[in-house]
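Below you'll find the structure, written out as structure tokens, and then a few comments.
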Amino acid sequence: MEQIITFIEENVNGKTLYTKELVYTLENGALEGVYSDQISFANLKYSQSGFQFDMFIISNEKIWIVGADGQRESLRKDFSAVSLFRFEFAKRKSTGAATGCFRLVSASGKNVAAEAIISGIYDISLEDNILKFMEDQVLYRDQPIQNEGFKPVAFQAEHRFYCENGKLHYQYNGKCFDVNAQTMERVHSPDAFPPFLSVEK
């Protein structure tokens, strides 16, 4: 735990990173998303049993309806916002491992997909100066589909923090699952997202 806190204090806290524009498809190509952002990490606090830090995101995310010719026709949803997320970790006496949670604190947008969503954090490790952990969303969130509708989905993701050429890199690699809202059963979604890589300038 002490080594992880030191790594965050020296390499993550107070840093600002940028994600270049990424394009992804939904609904077998019927929708196309475009995403970029600016991420800042701050407010590292720790105690005898755990620690927390905040992630501020200024995001630009738009989802477009794609026509039969493969061209964007109209805007389906604008998820652009200024958001504050919080990572919280604690060491468990029963196992000696650290677990935690990841949650939205506040956001400025009208369409906040992560509102009232919380994720569990586990498999935290620091090896070869790479801090990594898994995130698993609880329950489900909304994802746009065709004809102005939405479907319930949940994400499972690996987070990685590492330094390369003296610059902090943050990678988010998420898998999407379709969720049965009655049974909470998850199945792999056909919607695939590329790894999101943010880099300090």
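Here, A, B, ... name the chains of the structure tokens in the order displayed, residue numbers run from 1 inside each chain, and ligands are numbered from 1 in the same displayed order.
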### All residues 8 Å or closer to A:Val66, only C-alpha atoms, same chain fewer than 3 positions away omitted, as a PyMOL selection string
chain A and resi 29-32+69-74
### Task
Tell me, as a PyMOL selection string, which residues lie within 12 Å of stretch 185-197 of chain A, counting only C-alpha atoms; anything in the same chain fewer than 3 positions away does not count.
chain A and resi 17-39+136-140+143-145+151-162+168-182+200
### Residue list (strand (DSSP E), DSSP) for chain A, as a ChimeraX atom specification
/A:16-26,31-46,50-66,72-78,81-91,98-107,118-127,130-137,141-144,150-164,167-179,186-188,196-200
### Task
Find the residues around stretch 43-50 of chain A up to 7 Å (only C-alpha atoms counted), leave out those fewer than 5 positions away in its own chain, and share them as a ChimeraX atom specification.
/A:13,89-91
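Near A:Arg76, within 7 Å and counting only C-alpha atoms, sit Ile63, Trp64 and Ile65 of chain A, not including residues fewer than 5 positions from it in the same chain.
The environment of A:Gly14 within 8 Å, counting only C-alpha atoms and disregarding residues fewer than 4 places along the same chain, consists of Ser40, Phe41, Ala42 and Asn43 of chain A.
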### Surrounding residues of A:Ile118 excluding itself and chain neighbours under 2 positions, 7 Å, only C-alpha atoms, as a PyMOL selection string
chain A and resi 101-103+116+120+137-138
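For the pair atom CA of A:Asp78 and atom CA of A:Val105, the separation is 19.9 Å.
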### Task
Would you mind reading off the distance between atom CA of A:Ala97 and atom CA of A:Glu9, one decimal, in Å?
20.0 Å
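What separates atom CA of A:Ile57 from atom CA of A:Tyr122 is a distance of 22.4 Å.
If you measure from each of A:Gly166, A:Gly100, A:Gly67, A:Gly149 to A:Ser119 using only C-alpha atoms, the closest one turns out to be A:Gly100.
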